[in-house]
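Taking it in order: structure first as structure tokens, then the write-up.
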Amino acid sequence: MVKQENVIPDMMKAWAVTTPGPIDGQRAPIEFTEKPVPTPQRGEVLVKILTCGVCHTDLHVTEGDLPVHKEHVTPGHEIVGKVVSLGSETRRFKIGERIGIPWFRHACGVCKFCRSGHENLCPHSVYTGWDHDGGYAEYVTVPEGFAYRIPEKFDSLEAAPLLCAGIIGYRAFERANIPAGGRLGLYGFGGSAHITAQIALAQGIEVHVFTRGEDAKKFALELGCASVQGSYDPSPVPLDSGIIFAPVGDMVLPALANLVPGGTLALAGIHMTDIPAMNYQKEIFHEKTLTSVESNTRRDGEEFLTLADRLDIHPEVHEYPLAKADEALRYVKNGDIKGACVLRVSED
């Protein structure tokens, strides 16, 4: 039996990817339309969306960098909202409770990866805003076991980027093996990097930023980063670790060259252009490590939200109304972001 709060409409406003292509092209690849309000299935809850972050992955879905998994999908996976309806066999959340919905929507739970604590590598995993309609809409469903409770200190606008930019940044931070008091290079300085920088700085790590955006450079210095330079510039000091957030394979070689012997470079994106051929001696010798980051586990999410609460991490947010999601995507593509973009869908 489905339990619900108040009257839920049959239809809702939502964005849909029509024909993937450049967001700044002559014909927009995404349209503002109407869709039926989804019905929560067994183990799912229906959420009335309050806010939804605009992530670079949404741009990859919209522009076709990622293959189409669902026709006319609604993007968005940094979702904060209130539970308004409960599907059958749900018991974790109550009607009216504020929860967060991330990119990682579901995993099979029985494969060797799920059973070994690596559910992010599950070959049957599905994702919000790619395999299933996401948060550029008024309502969305989520399996209750894959949603998060939001710490009370975060309002719904600033909480949204934590649910992907924050969580993925945290996993990349962990994968980068940064020593205590070490030096970290961040390549690209948008939604995820500015949150990761705060995590690092709060723990006494020296942060150096490599980005093309002039506003992003100024913002990095305001946050307390030690230096800023162009995307391909040599580092002013040898780096223990690096994280590349920009989806640009050409950055990998100079980033590796900036590392000390034994250093680690983590690639945080789901999509990246081709990496050029490496010079073994210059880029990868001296036991340097190059690693990718694939999604996250639910444990990553819980750990990060607890850490963000304890360290008082606060994303810088640019607010857009739901009807201007296309404008927000164009701003993200421009690459000179001071923080993160968030859609305001409804009021608390």
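Each chain of the structure tokens is named A, B, ... in the order shown, its residues numbered from 1; ligands are numbered from 1 in display order.
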
Original post:
Any idea what's packed within 8 Å of range 62-73 of chain A, counting only C-alpha atoms, ignoring anything in its chain fewer than 3 positions away? Could you give it as JSON, numbers by chain?
Top reply: {"A": [16, 17, 18, 20, 21, 22, 23, 29, 30, 58, 59, 129, 130, 131, 132, 133, 134, 271]}

Subject >> DSSP alpha helix (DSSP H) residues within range 159-220 of chain A, listed as an MDAnalysis selection string >> reply: chainID A and resid 159 165:175 191:202 214:220

Original post:
Residues at most 9 Å from Phe245 in chain A, counting only C-alpha atoms, excluding those fewer than 6 positions away in the same chain, as a ChimeraX atom specification?
Top reply: /A:169,186-190,192-193,266-269

Subject >> Selection: 8 Å around Pro38 in chain A, only C-alpha atoms, excl. self and same-chain fewer than 4 positions, as a PyMOL selection string >> reply: chain A and resi 46+139-141

**OP:** Write out as a PyMOL selection string the residues lying within 7 Å of range 338-340 of chain A, counting only C-alpha atoms and excluding same-chain residues fewer than 3 positions away.
**Re:** chain A and resi 161+190-191+194+215-216+219+315-318

Put those residues in a file: N, CA, C and O atoms, as a CSV table (one decimal), in the first residue's frame.
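part.csv, written as the output of this step:
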```
chain,number,residue,atom,x,y,z
A,161,PRO,N,25.0,20.4,-4.1
A,161,PRO,CA,26.3,20.0,-4.7
A,161,PRO,C,27.1,19.0,-3.9
A,161,PRO,O,27.9,18.3,-4.4
A,190,GLY,N,35.9,23.9,-10.5
A,190,GLY,CA,34.5,24.1,-10.6
A,190,GLY,C,33.8,23.6,-9.3
A,190,GLY,O,34.4,23.6,-8.2
A,191,GLY,N,32.6,23.0,-9.5
A,191,GLY,CA,31.8,22.6,-8.4
A,191,GLY,C,32.5,21.6,-7.4
A,191,GLY,O,32.5,21.7,-6.2
A,194,HIS,N,36.1,22.9,-5.8
A,194,HIS,CA,36.1,23.9,-4.7
A,194,HIS,C,35.7,23.3,-3.4
A,194,HIS,O,36.1,23.8,-2.3
A,215,ASP,N,38.0,33.9,-13.0
A,215,ASP,CA,37.2,34.0,-11.8
A,215,ASP,C,37.5,32.8,-10.9
A,215,ASP,O,37.5,33.0,-9.6
A,216,ALA,N,37.7,31.6,-11.5
A,216,ALA,CA,38.0,30.5,-10.7
A,216,ALA,C,39.3,30.6,-10.0
A,216,ALA,O,39.5,30.2,-8.8
A,219,PHE,N,38.8,32.9,-7.0
A,219,PHE,CA,38.0,32.2,-6.0
A,219,PHE,C,38.9,31.2,-5.2
A,219,PHE,O,38.8,31.1,-4.0
A,315,PRO,N,29.5,24.8,0.1
A,315,PRO,CA,29.7,25.1,-1.3
A,315,PRO,C,29.3,26.6,-1.6
A,315,PRO,O,28.4,27.1,-0.9
A,316,GLU,N,29.9,27.2,-2.5
A,316,GLU,CA,29.5,28.5,-3.1
A,316,GLU,C,28.5,28.2,-4.2
A,316,GLU,O,28.7,27.3,-5.1
A,317,VAL,N,27.3,28.8,-4.1
A,317,VAL,CA,26.2,28.4,-5.0
A,317,VAL,C,25.7,29.6,-5.8
A,317,VAL,O,25.6,30.7,-5.3
A,318,HIS,N,25.4,29.3,-7.1
A,318,HIS,CA,24.8,30.2,-8.0
A,318,HIS,C,23.4,29.6,-8.3
A,318,HIS,O,23.2,28.5,-8.8
```

Original post:
Can you list every residue in range 151-347 of chain A that DSSP puts in strand (DSSP E or B), as a PyMOL selection string?
Top reply: chain A and resi 183-187+206-210+227-229+239-244+259-267+289-292+317-321+340-344

Deliver the residues from the most recent selection as a file, using N, CA and C atoms, as a compact mmCIF listing (two decimals), in the first residue's frame.
```txt
# COMPACT_ATOMS: atom_id res chain seq x y z
N ARG A 183 51.16 18.15 -0.34
CA ARG A 183 50.82 19.15 -1.35
C ARG A 183 49.96 18.50 -2.41
N LEU A 184 48.81 19.14 -2.70
CA LEU A 184 47.82 18.61 -3.63
C LEU A 184 47.59 19.58 -4.78
N GLY A 185 47.60 19.06 -6.00
CA GLY A 185 47.24 19.86 -7.17
C GLY A 185 45.83 19.54 -7.63
N LEU A 186 45.03 20.56 -7.88
CA LEU A 186 43.67 20.40 -8.39
C LEU A 186 43.61 21.00 -9.79
N TYR A 187 43.18 20.20 -10.77
CA TYR A 187 43.15 20.61 -12.17
C TYR A 187 41.70 20.80 -12.60
N GLU A 206 48.41 21.59 1.66
CA GLU A 206 48.72 22.74 0.80
C GLU A 206 48.14 22.49 -0.59
N VAL A 207 47.29 23.39 -1.06
CA VAL A 207 46.56 23.18 -2.32
C VAL A 207 47.04 24.15 -3.39
N HIS A 208 47.33 23.60 -4.57
CA HIS A 208 47.73 24.39 -5.74
C HIS A 208 46.72 24.11 -6.86
N VAL A 209 46.25 25.16 -7.50
CA VAL A 209 45.16 25.05 -8.48
C VAL A 209 45.66 25.36 -9.89
N PHE A 210 45.19 24.55 -10.84
CA PHE A 210 45.53 24.71 -12.26
C PHE A 210 44.21 24.81 -13.03
N SER A 227 48.50 28.59 -4.45
CA SER A 227 48.86 29.20 -5.74
C SER A 227 47.81 28.85 -6.78
N VAL A 228 47.79 29.66 -7.84
CA VAL A 228 46.94 29.37 -9.00
C VAL A 228 47.77 29.61 -10.25
N GLN A 229 47.52 28.82 -11.27
CA GLN A 229 48.20 28.97 -12.55
C GLN A 229 47.34 28.38 -13.65
N LEU A 239 54.50 18.22 -6.28
CA LEU A 239 53.24 17.84 -5.65
C LEU A 239 53.25 16.37 -5.24
N ASP A 240 52.68 16.08 -4.08
CA ASP A 240 52.55 14.70 -3.62
C ASP A 240 51.41 13.98 -4.35
N SER A 241 50.36 14.74 -4.67
CA SER A 241 49.18 14.15 -5.30
C SER A 241 48.50 15.17 -6.20
N GLY A 242 47.69 14.66 -7.12
CA GLY A 242 46.91 15.53 -7.99
C GLY A 242 45.56 14.91 -8.27
N ILE A 243 44.58 15.77 -8.53
CA ILE A 243 43.25 15.30 -8.95
C ILE A 243 42.84 16.13 -10.16
N ILE A 244 42.49 15.45 -11.25
CA ILE A 244 42.00 16.14 -12.45
C ILE A 244 40.49 16.06 -12.48
N LEU A 259 54.31 15.66 -10.33
CA LEU A 259 54.33 14.83 -9.12
C LEU A 259 55.75 14.49 -8.67
N VAL A 260 55.90 14.34 -7.35
CA VAL A 260 57.14 13.82 -6.78
C VAL A 260 57.20 12.32 -7.05
N PRO A 261 58.37 11.70 -6.95
CA PRO A 261 58.43 10.23 -7.02
C PRO A 261 57.48 9.59 -6.01
N GLY A 262 56.75 8.58 -6.48
CA GLY A 262 55.78 7.92 -5.62
C GLY A 262 54.45 8.63 -5.51
N GLY A 263 54.28 9.74 -6.25
CA GLY A 263 53.03 10.50 -6.19
C GLY A 263 51.90 9.83 -6.92
N THR A 264 50.67 10.30 -6.65
CA THR A 264 49.47 9.71 -7.24
C THR A 264 48.64 10.78 -7.94
N LEU A 265 48.15 10.46 -9.13
CA LEU A 265 47.24 11.33 -9.87
C LEU A 265 45.92 10.60 -10.04
N ALA A 266 44.82 11.19 -9.56
CA ALA A 266 43.49 10.61 -9.67
C ALA A 266 42.68 11.38 -10.71
N LEU A 267 42.00 10.64 -11.58
CA LEU A 267 41.15 11.23 -12.61
C LEU A 267 39.70 11.10 -12.13
N THR A 289 51.67 6.77 -9.60
CA THR A 289 50.43 6.02 -9.77
C THR A 289 49.40 6.88 -10.48
N LEU A 290 48.77 6.31 -11.52
CA LEU A 290 47.68 6.96 -12.23
C LEU A 290 46.43 6.13 -12.02
N THR A 291 45.38 6.72 -11.46
CA THR A 291 44.16 5.96 -11.14
C THR A 291 42.92 6.74 -11.56
N SER A 292 41.88 6.03 -11.92
CA SER A 292 40.59 6.66 -12.22
C SER A 292 39.67 6.54 -11.00
N VAL A 317 27.33 28.80 -4.11
CA VAL A 317 26.21 28.43 -4.96
C VAL A 317 25.72 29.58 -5.82
N HIS A 318 25.44 29.28 -7.09
CA HIS A 318 24.75 30.21 -8.00
C HIS A 318 23.37 29.63 -8.27
N GLU A 319 22.35 30.37 -7.88
CA GLU A 319 20.98 29.86 -7.98
C GLU A 319 20.35 30.20 -9.33
N TYR A 320 19.65 29.20 -9.90
CA TYR A 320 18.87 29.36 -11.13
C TYR A 320 17.48 28.78 -10.90
N PRO A 321 16.45 29.35 -11.53
CA PRO A 321 15.14 28.68 -11.48
C PRO A 321 15.13 27.45 -12.37
N ALA A 340 29.35 26.33 -7.59
CA ALA A 340 28.45 25.38 -8.26
C ALA A 340 27.13 26.04 -8.59
N CYS A 341 26.47 25.54 -9.64
CA CYS A 341 25.14 26.01 -10.02
C CYS A 341 24.09 25.08 -9.42
N VAL A 342 22.99 25.67 -8.94
CA VAL A 342 21.91 24.88 -8.33
C VAL A 342 20.57 25.41 -8.82
N LEU A 343 19.69 24.50 -9.23
CA LEU A 343 18.32 24.86 -9.62
C LEU A 343 17.43 24.92 -8.39
N ARG A 344 16.70 26.01 -8.25
CA ARG A 344 15.67 26.11 -7.21
C ARG A 344 14.36 25.62 -7.85
```

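Proximity to Cys114 in chain A was assessed for A:Asn279, A:Asn334, A:Thr297, A:Thr273 counting only C-alpha atoms; the smallest distance is recorded for A:Thr297.
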
Original post:
Leaving out range 77-80 of chain A and any residue of its chain fewer than 2 positions from it, which residues lie within 7 Å of it when counting only C-alpha atoms, given as an MDAnalysis selection string?
Top reply: chainID A and resid 49:53 75 99:103 128:129 134:135 156 160:161 163:164

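CA of Phe304 in chain A to CA of His60 in chain A spans 24.3 Å [interatomic distance, one decimal].
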
**OP:** Name the residues in contact with Thr39 in chain A at a cut-off of 10 Å, using only C-alpha atoms, excluding same-chain residues fewer than 2 positions from it; report them as an NGL selection string.
**Re:** :A and (2 or 10 or 36-37 or 41-42 or 44-46 or 85-87 or 139-141)

Give me a file of those residues, with N, CA, C and O atoms, as a compact mmCIF listing (two decimals), in the first residue's frame.
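Done, and the output landed in result.txt:
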```txt
# COMPACT_ATOMS: atom_id res chain seq x y z
N VAL A 2 0.55 2.22 -0.86
CA VAL A 2 1.31 3.45 -0.96
C VAL A 2 0.74 4.50 -0.01
O VAL A 2 -0.46 4.76 -0.01
N ASP A 10 -0.86 14.76 -11.30
CA ASP A 10 -0.60 13.70 -12.27
C ASP A 10 0.58 14.06 -13.18
O ASP A 10 1.30 13.17 -13.64
N PRO A 36 4.63 12.77 -16.80
CA PRO A 36 3.82 12.24 -15.68
C PRO A 36 4.65 12.18 -14.39
O PRO A 36 5.84 11.88 -14.42
N VAL A 37 4.02 12.48 -13.28
CA VAL A 37 4.68 12.30 -11.99
C VAL A 37 4.88 10.81 -11.77
O VAL A 37 3.95 10.03 -11.90
N GLN A 41 7.84 2.61 -6.77
CA GLN A 41 7.69 1.17 -6.81
C GLN A 41 8.09 0.57 -5.46
O GLN A 41 8.41 1.28 -4.52
N ARG A 42 8.08 -0.75 -5.39
CA ARG A 42 8.44 -1.43 -4.15
C ARG A 42 9.85 -1.00 -3.71
O ARG A 42 10.78 -1.03 -4.50
N GLU A 44 10.78 2.02 -3.00
CA GLU A 44 11.08 3.38 -3.42
C GLU A 44 10.23 4.40 -2.69
O GLU A 44 9.13 4.09 -2.18
N VAL A 45 10.70 5.65 -2.67
CA VAL A 45 9.91 6.77 -2.17
C VAL A 45 9.81 7.82 -3.27
O VAL A 45 10.69 7.92 -4.13
N LEU A 46 8.72 8.56 -3.26
CA LEU A 46 8.54 9.69 -4.17
C LEU A 46 8.94 10.96 -3.44
O LEU A 46 8.54 11.20 -2.29
N SER A 85 5.57 10.47 -0.74
CA SER A 85 4.83 9.23 -0.95
C SER A 85 5.77 8.05 -0.75
O SER A 85 6.95 8.11 -1.14
N LEU A 86 5.25 7.00 -0.15
CA LEU A 86 6.04 5.81 0.15
C LEU A 86 5.53 4.62 -0.65
O LEU A 86 4.33 4.31 -0.62
N GLY A 87 6.43 3.95 -1.38
CA GLY A 87 6.05 2.72 -2.04
C GLY A 87 5.92 1.59 -1.02
O GLY A 87 6.21 1.76 0.17
N TYR A 139 9.31 16.29 -9.42
CA TYR A 139 9.23 15.08 -8.59
C TYR A 139 10.19 14.02 -9.14
O TYR A 139 10.51 14.01 -10.33
N VAL A 140 10.62 13.11 -8.26
CA VAL A 140 11.50 12.03 -8.66
C VAL A 140 11.33 10.88 -7.66
O VAL A 140 10.97 11.11 -6.50
N THR A 141 11.60 9.67 -8.09
CA THR A 141 11.61 8.53 -7.16
C THR A 141 13.04 8.08 -6.91
O THR A 141 13.94 8.35 -7.71
```

Subject >> Atom-to-atom span, CA of Tyr232 in chain A and CA of Ile270 in chain A, Å >> reply: 20.9 Å

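Going from CA of Ile199 in chain A over to CA of Arg299 in chain A, you cover 17.3 Å.
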
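Compared by their closest atoms to Pro151 in chain A, and using only C-alpha atoms, the residues A:Glu97, A:Asp274, A:Tyr331, A:Val345 rank with A:Glu97 nearest.
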
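Nearest residue to Tyr136 in chain A among A:Val54, A:Ala28, A:Ile313, A:Val237 is A:Val54, counting only C-alpha atoms.
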
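Shortest atom-to-atom contact with Leu256 in chain A among A:Ile275, A:Leu307, A:Ala325, A:Met11: A:Ile275, counting only C-alpha atoms.
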